[in-house]
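Just final33.txt here, compact mmCIF, C-alpha atoms:
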```txt
# COMPACT_ATOMS: atom_id res chain seq x y z
CA MET R 22 95.88 -98.48 -118.18
CA LYS R 23 92.46 -98.78 -119.68
CA LYS R 24 91.39 -102.31 -120.48
CA ARG R 25 89.59 -103.32 -123.63
CA VAL R 26 86.44 -105.27 -124.26
CA GLN R 27 88.26 -107.27 -126.92
CA ASP R 28 90.64 -108.69 -124.30
CA GLU R 29 87.66 -110.14 -122.44
CA LYS R 30 86.41 -112.14 -125.41
CA PRO R 31 85.72 -115.75 -124.46
CA LYS R 32 87.51 -118.52 -126.32
CA ARG R 33 86.12 -119.03 -129.80
CA SER R 34 83.24 -121.54 -129.73
CA LYS R 35 83.26 -124.79 -131.68
CA GLU R 36 80.42 -123.50 -133.87
CA ALA R 37 82.32 -120.31 -134.63
CA SER R 38 85.52 -122.24 -135.46
CA GLU R 39 83.62 -124.50 -137.84
CA TRP R 40 81.91 -121.50 -139.45
CA LEU R 41 85.26 -119.80 -139.94
CA ASP R 42 86.90 -122.90 -141.41
CA GLN R 43 84.06 -123.28 -143.88
CA GLU R 44 84.02 -119.63 -144.92
CA ILE R 45 87.83 -119.39 -145.20
CA ALA R 46 87.80 -122.43 -147.48
CA GLU R 47 85.09 -120.88 -149.65
CA GLN R 48 86.98 -117.57 -149.75
CA GLU R 49 90.07 -119.39 -151.01
CA VAL R 50 87.99 -120.83 -153.84
CA ARG R 51 86.61 -117.36 -154.63
CA TYR R 52 90.14 -115.94 -154.61
CA GLY R 53 91.24 -118.59 -157.10
CA GLU R 54 88.29 -117.79 -159.35
CA ILE R 55 89.11 -114.09 -159.24
CA VAL R 56 92.76 -114.76 -160.14
CA ALA R 57 91.66 -116.93 -163.07
CA GLU R 58 89.13 -114.35 -164.25
CA MET R 59 91.71 -111.57 -164.11
CA GLU R 60 94.29 -113.66 -165.94
CA GLY R 61 91.62 -114.35 -168.55
CA ILE R 62 91.31 -110.68 -169.52
CA GLN R 63 95.05 -110.08 -169.91
CA GLU R 64 94.84 -109.51 -173.64
CA GLU R 65 92.13 -106.90 -173.15
CA ARG R 66 94.13 -105.37 -170.31
CA ASN R 67 97.18 -105.04 -172.56
CA GLY R 68 95.02 -102.89 -174.82
CA TRP R 69 93.88 -100.78 -171.85
CA TYR R 70 97.50 -100.25 -170.80
CA ALA R 71 98.48 -99.22 -174.32
CA ARG R 72 95.55 -96.77 -174.49
CA PHE R 73 96.50 -95.32 -171.07
CA LEU R 74 100.13 -94.84 -172.08
CA ASP R 75 98.92 -93.06 -175.21
CA ILE R 76 96.51 -90.80 -173.28
CA ILE R 77 99.16 -89.65 -170.81
CA GLN R 78 101.47 -88.61 -173.66
CA ASN R 79 98.75 -86.57 -175.33
CA LYS R 80 95.95 -85.49 -172.99
CA GLY R 81 98.19 -85.89 -169.99
CA PHE R 82 98.56 -87.71 -166.68
CA ASN R 83 96.44 -86.59 -163.68
CA MET R 84 99.25 -85.68 -161.30
CA ASN R 85 96.96 -84.00 -158.73
CA GLY R 86 93.23 -83.49 -159.14
CA ASP R 87 92.54 -82.17 -162.62
CA THR R 88 96.08 -80.94 -163.19
CA ARG R 89 97.45 -82.92 -166.10
CA VAL R 90 101.03 -83.28 -167.23
CA GLN R 91 102.06 -84.73 -170.57
CA ILE R 92 104.56 -87.53 -170.21
CA LYS R 93 107.41 -87.60 -172.70
CA LYS R 94 107.75 -90.65 -174.90
CA GLU R 95 111.17 -91.48 -173.44
CA ASP R 96 109.65 -91.57 -169.95
CA ILE R 97 106.95 -94.09 -170.81
CA PRO R 98 107.58 -97.31 -168.86
CA LYS R 99 108.09 -100.62 -170.61
CA ARG R 100 106.78 -103.99 -169.50
CA PRO R 101 109.48 -105.67 -167.39
CA ASP R 102 110.59 -109.21 -168.13
CA ARG R 103 109.66 -110.95 -164.90
CA PRO R 104 107.07 -113.56 -163.87
CA ASP R 105 104.77 -111.18 -161.99
CA ALA R 106 104.71 -108.50 -164.67
CA ASP R 107 101.05 -109.08 -165.57
CA LYS R 108 99.85 -109.88 -162.06
CA VAL R 109 97.05 -107.65 -160.74
CA ILE R 110 95.72 -109.80 -157.85
CA TRP R 111 98.23 -110.08 -154.99
CA MET T 8 94.63 -107.28 -141.55
CA ALA T 9 95.08 -110.63 -143.11
CA ARG T 10 92.35 -110.55 -145.70
CA PRO T 11 93.26 -111.64 -149.21
CA HIS T 12 92.99 -109.37 -152.20
CA ILE T 13 89.36 -109.82 -153.24
CA GLU T 14 88.79 -107.75 -156.36
CA PRO T 15 86.45 -107.73 -158.13
CA TYR T 16 83.76 -109.82 -156.47
CA VAL T 17 80.14 -109.47 -157.58
CA GLU T 18 78.08 -110.96 -154.79
CA LEU T 19 74.72 -110.62 -156.58
CA ASN T 20 75.46 -113.86 -158.43
CA ASN T 21 75.63 -115.86 -155.20
CA SER T 22 72.91 -116.95 -152.79
CA TYR T 23 72.53 -116.05 -149.16
CA LYS T 24 73.21 -118.75 -146.57
CA ASN T 25 71.36 -119.18 -143.30
CA PHE T 26 73.27 -117.56 -140.46
CA ASN T 27 73.30 -120.16 -137.73
CA LEU T 28 75.97 -118.87 -135.36
CA PRO T 29 74.73 -118.60 -131.76
CA GLY T 30 72.73 -115.41 -131.40
CA PHE T 31 72.12 -114.93 -135.10
CA ALA T 32 69.84 -117.81 -136.05
CA GLY T 33 66.20 -117.47 -136.95
CA GLY T 34 65.65 -115.32 -139.99
CA SER T 35 69.05 -113.85 -140.85
CA HIS T 36 71.16 -114.81 -143.85
CA PHE T 37 74.65 -113.87 -144.98
CA LYS T 38 77.21 -113.72 -147.74
CA VAL T 39 80.88 -113.29 -146.86
CA LEU T 40 82.42 -110.47 -148.86
CA SER T 41 85.82 -110.75 -147.20
CA LEU T 42 87.18 -112.50 -144.15
CA ASP T 43 90.37 -112.19 -142.12
CA ARG T 44 91.84 -115.66 -141.96
CA ASP T 45 93.65 -114.99 -138.68
CA ILE T 46 91.21 -113.17 -136.47
CA GLY T 47 87.84 -113.79 -138.14
CA ALA T 48 87.11 -110.12 -138.79
CA CYS T 49 84.75 -109.95 -141.74
CA THR T 50 82.51 -107.94 -144.01
CA LEU T 51 79.14 -109.57 -144.57
CA LYS T 52 76.15 -108.73 -146.68
CA MET T 53 73.18 -109.65 -144.50
CA GLN T 54 69.54 -110.22 -145.28
CA TYR T 55 66.96 -110.16 -142.50
CA ASP T 56 63.55 -111.70 -143.05
CA GLY T 57 60.42 -109.71 -142.32
CA GLY T 58 59.51 -110.42 -138.71
CA TYR T 59 63.12 -110.92 -137.59
CA ILE T 60 63.65 -109.94 -133.98
CA ARG T 61 66.63 -110.12 -131.65
CA ARG T 62 66.86 -109.24 -128.00
CA PRO T 63 69.30 -106.51 -126.85
CA GLY T 64 72.90 -107.60 -126.91
CA MET T 65 76.56 -106.81 -127.44
CA SER T 66 79.54 -108.07 -129.42
CA TYR T 67 83.17 -108.49 -128.39
CA SER T 68 84.16 -106.79 -131.65
CA ASP T 69 83.72 -103.28 -132.97
CA MET T 70 80.92 -103.50 -135.52
CA GLU T 71 79.79 -101.32 -138.41
CA LEU T 72 76.45 -101.41 -140.18
CA PHE T 73 75.15 -99.81 -143.36
CA VAL T 74 71.53 -100.33 -144.40
CA LEU T 75 71.20 -101.03 -148.14
CA LYS T 76 67.49 -101.80 -148.47
CA GLY T 77 64.45 -101.83 -146.20
CA GLU T 78 64.52 -100.80 -142.57
CA MET T 79 65.38 -102.17 -139.18
CA LYS T 80 64.60 -100.76 -135.77
CA ILE T 81 67.50 -100.99 -133.32
CA GLY T 82 66.30 -99.95 -129.89
CA ASP T 83 64.64 -96.59 -130.50
CA ILE T 84 66.64 -95.85 -133.68
CA ASN T 85 64.83 -96.40 -136.94
CA CYS T 86 67.49 -97.39 -139.49
CA VAL T 87 66.32 -96.89 -143.05
CA GLU T 88 68.29 -97.03 -146.31
CA GLY T 89 71.58 -95.19 -145.92
CA HIS T 90 71.77 -95.54 -142.15
CA TYR T 91 75.29 -96.06 -140.82
CA MET T 92 76.38 -97.16 -137.35
CA PHE T 93 79.72 -97.72 -135.69
CA VAL T 94 79.09 -99.77 -132.57
CA PRO T 95 82.10 -100.11 -130.27
CA ALA T 96 82.81 -103.52 -128.78
CA GLY T 97 80.79 -104.15 -125.65
CA MET T 98 78.04 -101.65 -126.40
CA ALA T 99 74.61 -103.14 -125.83
CA LEU T 100 72.45 -102.48 -128.86
CA GLY T 101 68.74 -102.29 -128.32
CA ALA T 102 66.39 -104.98 -129.51
CA ILE T 103 66.39 -105.44 -133.29
CA ASP T 104 63.06 -105.51 -135.06
CA VAL T 105 62.81 -105.93 -138.82
CA PRO T 106 59.16 -105.62 -139.76
CA ASN T 107 59.37 -106.05 -143.54
CA GLY T 108 62.82 -107.34 -144.40
CA CYS T 109 66.14 -105.58 -144.73
CA GLU T 110 69.56 -105.87 -146.39
CA ALA T 111 72.68 -104.41 -144.81
CA LEU T 112 76.44 -104.52 -144.86
CA ILE T 113 77.69 -105.70 -141.48
CA MET T 114 81.36 -105.47 -140.58
CA TYR T 115 83.02 -107.09 -137.56
CA ASN T 116 86.41 -105.43 -137.26
CA ASP T 117 88.22 -107.35 -134.53
CA ALA T 118 86.97 -110.93 -134.54
CA GLU T 119 84.31 -113.27 -135.90
CA PRO T 120 80.67 -112.26 -135.31
CA THR T 121 79.67 -112.58 -131.68
CA TYR T 122 76.47 -111.77 -129.86
CA ILE T 123 75.89 -111.88 -126.12
CA GLU T 124 72.42 -111.08 -124.87
CA SER T 125 72.64 -108.07 -122.60
CA ASP T 126 70.88 -104.79 -121.99
CA GLU T 127 73.93 -103.26 -120.30
CA ASN T 128 77.18 -102.07 -121.81
CA HIS T 129 80.34 -103.97 -120.98
CA PRO T 130 82.29 -102.11 -118.27
CA TYR T 131 85.20 -101.46 -120.66
CA CYS T 132 83.02 -100.30 -123.54
CA MET T 133 84.16 -97.07 -125.21
CA THR T 134 80.63 -95.75 -125.65
CA GLU T 135 81.91 -92.36 -126.84
CA ALA T 136 82.98 -94.01 -130.09
CA PHE T 137 79.38 -94.83 -131.06
CA VAL T 138 78.29 -93.26 -134.36
CA SER T 139 74.79 -93.31 -135.81
CA LEU T 140 73.63 -91.23 -138.75
CA ASN T 141 71.88 -91.52 -142.06
CA GLY T 142 74.58 -91.16 -144.68
CA TYR T 143 72.13 -90.25 -147.41
CA GLU T 144 70.35 -87.52 -145.45
CA ASP T 145 72.67 -86.32 -142.68
CA ALA T 146 76.12 -86.12 -144.28
CA PRO T 147 77.09 -83.56 -146.96
CA TRP T 148 79.00 -84.41 -150.12
CA ALA T 149 82.54 -83.07 -149.96
CA PRO T 150 84.91 -82.74 -152.91
CA GLY T 151 87.51 -85.46 -153.25
CA ASN T 152 90.30 -82.96 -152.61
CA VAL T 153 89.85 -83.42 -148.87
CA VAL T 154 92.72 -85.83 -149.55
CA THR T 155 95.75 -84.50 -151.44
CA PRO T 156 97.18 -85.34 -153.90
CA SER T 157 93.60 -85.42 -154.98
CA VAL T 158 91.32 -87.47 -157.15
CA ALA T 159 89.92 -85.71 -160.20
CA ALA T 160 86.81 -83.55 -159.98
CA GLY T 161 83.69 -85.68 -160.00
CA CYS T 162 84.63 -88.09 -157.23
CA LEU T 163 82.92 -86.92 -154.04
CA LEU T 164 82.81 -88.17 -150.49
CA LYS T 165 80.44 -88.25 -147.50
CA LEU T 166 82.43 -88.96 -144.36
CA LEU T 167 80.57 -91.25 -141.97
CA ARG T 168 83.28 -92.04 -139.43
CA TYR T 169 86.87 -90.95 -138.88
CA ASP T 170 89.29 -92.61 -136.44
CA PRO T 171 91.65 -89.96 -135.04
CA TYR T 172 94.33 -92.50 -134.07
CA THR T 173 94.78 -94.15 -137.46
CA GLU T 174 92.81 -91.82 -139.78
CA ALA T 175 90.82 -94.86 -140.89
CA MET T 176 87.59 -93.73 -142.54
CA SER T 177 84.17 -95.10 -143.38
CA PHE T 178 82.43 -93.12 -146.09
CA LEU T 179 80.09 -92.99 -149.00
CA TYR T 180 81.59 -91.94 -152.29
CA CYS T 181 80.20 -91.23 -155.70
CA MET T 182 81.57 -90.85 -159.17
CA THR T 183 79.66 -88.56 -161.46
CA PRO T 184 78.64 -89.64 -164.96
CA GLN T 185 81.62 -89.49 -167.32
CA PHE T 186 84.11 -89.32 -164.46
CA MET T 187 87.63 -90.00 -165.61
CA GLN T 188 91.04 -90.00 -164.01
CA ASP T 189 94.14 -90.92 -165.96
CA ASN T 190 96.61 -92.10 -163.35
CA ILE T 191 97.43 -95.23 -161.38
CA SER T 192 96.94 -95.05 -157.64
CA TYR T 193 98.00 -97.00 -154.57
CA HIS T 194 97.79 -96.36 -150.84
CA ASP T 195 99.51 -97.30 -147.58
CA CYS T 196 96.14 -98.49 -146.29
CA ALA T 197 93.82 -101.33 -147.14
CA GLU T 198 90.75 -100.13 -149.01
CA GLU T 199 87.28 -101.64 -149.22
CA SER T 200 84.28 -100.79 -151.37
CA TYR T 201 80.79 -102.02 -152.12
CA HIS T 202 78.93 -100.60 -155.11
CA ILE T 203 75.43 -99.74 -153.92
CA TRP T 204 74.48 -98.65 -157.42
CA GLY T 205 76.29 -98.03 -160.66
CA GLU T 206 79.28 -99.26 -162.57
CA SER T 207 82.84 -98.02 -162.69
CA TRP T 208 85.95 -99.25 -164.45
CA MET T 209 89.56 -99.64 -163.47
CA MET T 210 92.35 -100.49 -165.86
CA GLN T 211 93.50 -103.58 -163.95
CA PHE T 212 90.15 -105.14 -163.08
CA GLY T 213 87.64 -103.98 -165.70
CA ASN T 214 84.07 -103.10 -164.76
CA LEU T 215 82.72 -103.16 -161.20
CA PRO T 216 78.91 -103.17 -161.40
CA THR T 217 76.14 -102.72 -158.85
CA GLY T 218 76.80 -105.30 -156.12
CA GLY T 219 80.50 -105.25 -156.94
CA TYR T 220 82.91 -105.41 -154.03
CA PHE T 221 86.61 -105.24 -153.33
CA TRP T 222 88.97 -105.59 -150.42
CA ARG T 223 92.34 -104.35 -151.60
CA PRO T 224 95.43 -104.66 -149.38
CA PRO T 225 97.98 -101.81 -149.32
CA TYR T 226 100.29 -100.84 -152.21
CA ILE T 227 98.31 -102.51 -155.01
CA ASN T 228 97.93 -100.59 -158.27
CA HIS T 229 94.44 -99.50 -159.30
CA GLY T 230 93.39 -97.10 -162.03
CA SER T 231 93.15 -95.38 -164.40
CA PHE T 232 89.45 -94.81 -163.71
CA ARG T 233 86.28 -94.34 -165.68
CA CYS T 234 82.58 -94.13 -164.78
CA LYS T 235 80.03 -93.80 -167.57
CA LEU T 236 76.71 -93.29 -165.84
CA GLY T 237 77.48 -92.58 -162.19
CA THR T 238 78.14 -94.70 -159.12
CA ILE T 239 77.40 -94.53 -155.40
CA ALA T 240 79.37 -96.80 -153.09
CA PHE T 241 80.19 -97.48 -149.45
CA GLY T 242 83.90 -97.48 -148.67
CA ARG T 243 86.37 -97.91 -145.84
CA THR T 244 90.08 -97.60 -145.23
CA ASP T 245 91.93 -99.17 -142.30
CA SER T 246 94.34 -96.24 -141.82
CA LYS T 247 95.36 -92.97 -143.47
CA LEU T 248 94.61 -92.74 -147.17
CA HIS T 249 97.38 -91.07 -149.15
CA ASN T 250 97.10 -91.07 -152.94
CA TYR T 251 100.37 -92.15 -154.51
CA PHE T 252 99.84 -91.47 -158.21
CA HIS T 253 102.08 -92.75 -161.00
CA TYR T 254 101.89 -94.09 -164.55
CA ASN T 255 103.74 -97.42 -164.50
CA PRO T 256 101.17 -100.22 -165.02
CA TRP T 257 103.74 -102.90 -164.19
CA SER T 258 105.03 -101.82 -160.78
CA ASN T 259 104.40 -104.39 -158.06
CA PRO T 260 103.46 -103.81 -154.38
CA ASP T 261 107.08 -104.11 -153.21
CA GLU T 262 108.21 -101.48 -155.68
CA ASN T 263 105.28 -99.28 -154.73
CA LYS T 264 106.17 -99.58 -151.05
CA LEU T 265 109.81 -98.71 -151.80
CA ARG T 266 108.62 -95.68 -153.75
CA ALA T 267 106.48 -94.59 -150.81
CA ALA T 268 109.46 -94.96 -148.48
CA ALA T 269 111.62 -93.03 -150.93
CA MET T 270 109.07 -90.21 -150.88
CA MET T 271 109.26 -90.20 -147.10
CA TYR T 272 113.07 -90.13 -147.34
CA ARG T 273 112.89 -87.04 -149.56
CA GLN T 274 109.95 -85.22 -148.02
CA ARG T 275 110.22 -86.05 -144.28
CA PRO T 276 113.96 -86.66 -143.98
CA GLU T 277 114.33 -86.18 -140.25
CA LEU T 278 111.49 -88.57 -139.44
CA TYR T 279 112.85 -91.10 -141.92
CA LYS T 280 116.33 -90.93 -140.40
CA TRP T 281 115.00 -91.16 -136.87
CA THR T 282 112.77 -94.13 -137.67
CA ALA T 283 114.96 -96.13 -140.00
CA ALA T 284 118.48 -95.42 -138.90
CA HIS T 285 118.34 -95.48 -135.13
CA GLY T 286 116.17 -98.44 -134.29
CA HIS T 287 113.16 -96.49 -133.16
CA ASN T 288 110.67 -98.60 -135.04
CA HIS T 289 109.82 -100.77 -132.10
CA PRO T 290 106.78 -102.90 -132.96
CA HIS T 291 104.72 -101.31 -130.21
CA GLY T 292 105.33 -97.86 -131.65
CA PRO T 293 107.00 -94.86 -130.06
CA GLN T 294 105.56 -92.83 -127.23
CA ASP T 295 103.05 -90.11 -128.08
CA PHE T 296 102.62 -87.39 -125.47
CA GLU T 297 99.19 -86.57 -126.91
CA TYR T 298 97.75 -90.07 -127.32
CA LYS T 299 99.54 -91.80 -124.45
CA ASN T 300 97.50 -95.02 -124.66
CA TYR T 301 97.31 -95.39 -128.42
CA HIS T 302 99.17 -98.71 -128.21
CA MET T 303 95.98 -100.19 -126.77
CA ASP T 304 93.74 -98.96 -129.56
CA THR T 305 92.22 -101.96 -131.29
CA GLN T 306 92.67 -100.66 -134.82
CA VAL T 307 96.29 -99.70 -134.15
CA ARG T 308 96.95 -103.18 -132.79
CA HIS T 309 95.41 -104.83 -135.85
CA LEU T 310 97.49 -102.69 -138.18
CA HIS T 311 100.65 -103.84 -136.41
CA GLY T 312 99.82 -107.51 -136.35
CA TYR T 313 98.48 -108.15 -132.89
CA ARG T 314 95.86 -110.81 -132.40
CA ASP T 315 93.36 -110.26 -129.65
CA ASP T 316 92.85 -113.97 -129.13
CA GLN T 317 96.54 -114.85 -128.77
CA HIS T 318 97.63 -111.58 -127.21
CA GLU T 319 100.92 -111.54 -129.01
CA TYR T 320 102.67 -109.68 -131.77
CA LYS T 321 102.53 -111.29 -135.23
CA GLY T 322 104.23 -108.63 -137.30
CA ASP T 323 107.74 -108.52 -138.73
CA LEU T 324 108.50 -104.86 -138.57
CA HIS T 325 111.58 -105.04 -136.41
CA PRO T 326 114.81 -104.70 -138.36
CA ASN T 327 117.98 -106.51 -137.49
CA ASN T 328 120.84 -104.92 -135.65
CA THR T 329 118.85 -102.26 -133.88
CA GLU T 330 118.85 -101.01 -130.38
CA ILE T 331 115.53 -100.76 -128.62
CA ILE T 332 115.12 -97.39 -126.99
CA THR T 333 111.40 -96.77 -126.96
CA PRO T 334 109.60 -98.51 -124.14
CA ALA T 335 106.30 -100.17 -124.81
CA VAL T 336 103.70 -98.99 -122.37
CA HIS T 337 100.89 -101.50 -122.31
CA GLY T 338 100.21 -103.36 -119.17
CA HIS T 339 101.74 -106.80 -119.37
CA ASP T 340 105.11 -108.53 -119.53
CA HIS T 341 105.92 -110.60 -122.57
CA LYS T 342 108.63 -111.81 -124.90
CA HIS T 343 108.66 -110.70 -128.50
CA ASP T 344 108.53 -113.39 -131.14
CA HIS T 345 110.75 -111.66 -133.66
CA GLU T 346 114.45 -112.29 -134.14
CA HIS T 347 117.62 -110.26 -134.24
CA ASP T 348 121.05 -110.90 -135.65
CA ASN T 349 122.50 -109.30 -132.59
CA GLU T 350 122.24 -111.04 -129.28
CA HIS T 351 120.77 -108.49 -126.96
CA SER T 352 118.00 -109.53 -124.66
CA HIS T 353 114.61 -108.24 -125.61
CA ASP T 354 112.30 -108.73 -122.68
CA HIS T 355 110.45 -105.68 -121.52
CA HIS T 356 108.78 -104.71 -118.36
CA HIS T 357 105.78 -102.74 -119.45
CA HIS T 358 104.32 -100.00 -117.38
CA ASP T 359 100.78 -99.91 -116.10
```

Transcribe the structure of this file into structure tokens.
Amino acid sequence: MKKRVQDEKPKRSKEASEWLDQEIAEQEVRYGEIVAEMEGIQEERNGWYARFLDIIQNKGFNMNGDTRVQIKKEDIPKRPDRPDADKVIW
Amino acid sequence: MARPHIEPYVELNNSYKNFNLPGFAGGSHFKVLSLDRDIGACTLKMQYDGGYIRRPGMSYSDMELFVLKGEMKIGDINCVEGHYMFVPAGMALGAIDVPNGCEALIMYNDAEPTYIESDENHPYCMTEAFVSLNGYEDAPWAPGNVVTPSVAAGCLLKLLRYDPYTEAMSFLYCMTPQFMQDNISYHDCAEESYHIWGESWMMQFGNLPTGGYFWRPPYINHGSFRCKLGTIAFGRTDSKLHNYFHYNPWSNPDENKLRAAAMMYRQRPELYKWTAAHGHNHPHGPQDFEYKNYHMDTQVRHLHGYRDDQHEYKGDLHPNNTEIITPAVHGHDHKHDHEHDNEHSHDHHHHD
């Protein structure tokens, strides 16, 4: 069985561990800022969703490439009543 | 890969930091675009000062590089704007010389950045995996329908690297002015992008301008799509990209994953039955007579939750009440750290 270079990696150095801890902490802050920013545009996003659902009933939905299919009004999805309904960052 | 969903992130608003890890100090600076909390794999935007030099050396991680601005000489390869490299772990890169400054995306795929001074390849290095080309000059634009179901006309792709085991790709893509696509997409793979130039729009996240970045885990809705004036971007996937298109803005990743599995149930029924109903989804994966050693492939291991540093399985793919039939074939004995409702023993002897 062929061995891999990655299996030969020495134990992570103290400097590398500290660097990682610092950068992971900063990434968590960035993630929180992104979540807040995305929650902040929810009203605008609701308008984008409404426009999209209108377009796919008239101009059509891109089902594959440039092939469009009009979606019937009765098939248009409705916003579910659940806590994550407006979530876009996961 | 355990990177969080970072989307959108516009790095241009943030400053570079001095890169002081051993082997990197002295004229190089970084911004983290995304970082795997478990293994330290990361995507960095790097800035090298004019006059930066580094002696030949290797990393214990696969590494990818894309030059955004300026030029850097790596050994006898002159890397100007658009140059892409995939450098397999253990491959000794030549001396780096940056005469007038340079900016690049640098990606460490398996672990945190490492550098060991060496002018010889590691004995286990897979040198045949090395890729070096200028994406702007040496790769043709291909229509987006290389993947079907396809994106709309006006989204084109330059393939820079393709991994035959996982179908992971590194590529440049562009959206033409006035590109539009009225559907919502998700994939089985993680997807990453950095906007080199231009602005595009997605219905969930709004505008992504020049310098905009995302790392998007699997099964997350994105789109519909618009691009007013054109965009060129660097992108990657960590495995096969399949476009699942739909029009429900409120579906969540669990529902999207169920839908993908339902499509497999309908469209590949025998494989679905074999995998799901008879306990063949062993975490090491089934045997493949063509790629006998694929279990050892680094990217495959990452996708299934192995950590190189701990050498153990971290995934949760094994269902309850299943019988293990497929032997794992990598060369060590170990116990699995997942649980069953049934009480059968689950130690393997693995073959060399």

Counting all atoms listed in the file, which residue out of T:Tyr251, T:Tyr180, T:Tyr67, T:Tyr301 sits closest to R:Met84?
T:Tyr251

Distance-based interface of chain R with chain T, 7 Å, counting only C-alpha atoms, as a compact mmCIF listing (two decimals) with C-alpha atoms, in the coordinates of the input:
```txt
# COMPACT_ATOMS: atom_id res chain seq x y z
CA MET R 22 95.88 -98.48 -118.18
CA LYS R 24 91.39 -102.31 -120.48
CA ARG R 25 89.59 -103.32 -123.63
CA VAL R 26 86.44 -105.27 -124.26
CA GLN R 27 88.26 -107.27 -126.92
CA ASP R 28 90.64 -108.69 -124.30
CA LYS R 30 86.41 -112.14 -125.41
CA GLU R 36 80.42 -123.50 -133.87
CA ALA R 37 82.32 -120.31 -134.63
CA LEU R 41 85.26 -119.80 -139.94
CA ILE R 45 87.83 -119.39 -145.20
CA TYR R 52 90.14 -115.94 -154.61
CA ILE R 55 89.11 -114.09 -159.24
CA MET R 59 91.71 -111.57 -164.11
CA ARG R 66 94.13 -105.37 -170.31
CA TRP R 69 93.88 -100.78 -171.85
CA TYR R 70 97.50 -100.25 -170.80
CA PHE R 82 98.56 -87.71 -166.68
CA ASN R 83 96.44 -86.59 -163.68
CA MET R 84 99.25 -85.68 -161.30
CA ASN R 85 96.96 -84.00 -158.73
CA GLY R 86 93.23 -83.49 -159.14
CA ASP R 87 92.54 -82.17 -162.62
CA PRO R 98 107.58 -97.31 -168.86
CA ARG R 100 106.78 -103.99 -169.50
CA ALA R 106 104.71 -108.50 -164.67
CA ASP R 107 101.05 -109.08 -165.57
CA VAL R 109 97.05 -107.65 -160.74
CA ILE R 110 95.72 -109.80 -157.85
CA TRP R 111 98.23 -110.08 -154.99
```

What separation in Å, quoted to one decimal, exists between atom CA of R:Ala71 and atom CA of T:Ser192?
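According to the coordinates, atom CA of R:Ala71 and atom CA of T:Ser192 are separated by 17.3 Å.
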
Just to confirm, what's the straight-line distance from atom CA of T:Pro150 to atom CA of T:Val74 in Å (one decimal)?
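Taking atom CA of T:Pro150 and atom CA of T:Val74, their separation equals 23.7 Å.
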
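Atom to atom, atom CA of R:Lys80 and atom CA of R:Ile92 stand 9.3 Å apart.
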
Residues near R:Gly81, anyone? I mean within 6 Å using only C-alpha atoms, not counting same-chain ones fewer than 2 positions away, as a ChimeraX atom specification.
/R:77-79,89-91

Name the closest residue to T:Met65 among the candidates T:Met270, T:Leu140, T:Ile123, T:Cys109; distances are taken between atoms, counting only C-alpha atoms.
T:Ile123

Given all atoms listed in the file as the basis, pick out the residue of R:Thr88, R:Ala57, R:Glu29, R:Ile97 nearest to R:Asp75.
R:Ile97

When you look at stretch 112-116 of chain T with a cut-off of 6 Å (counting only C-alpha atoms), what residues show up, excluding the ones that are within fewer than 3 positions of it in the same chain? I need them as a ChimeraX atom specification.
/T:48-52,69-73

Of R:Glu60, R:Gln48, R:Glu39, R:Arg33, the one nearest to R:Asp105 when counting all atoms listed in the file is R:Glu60
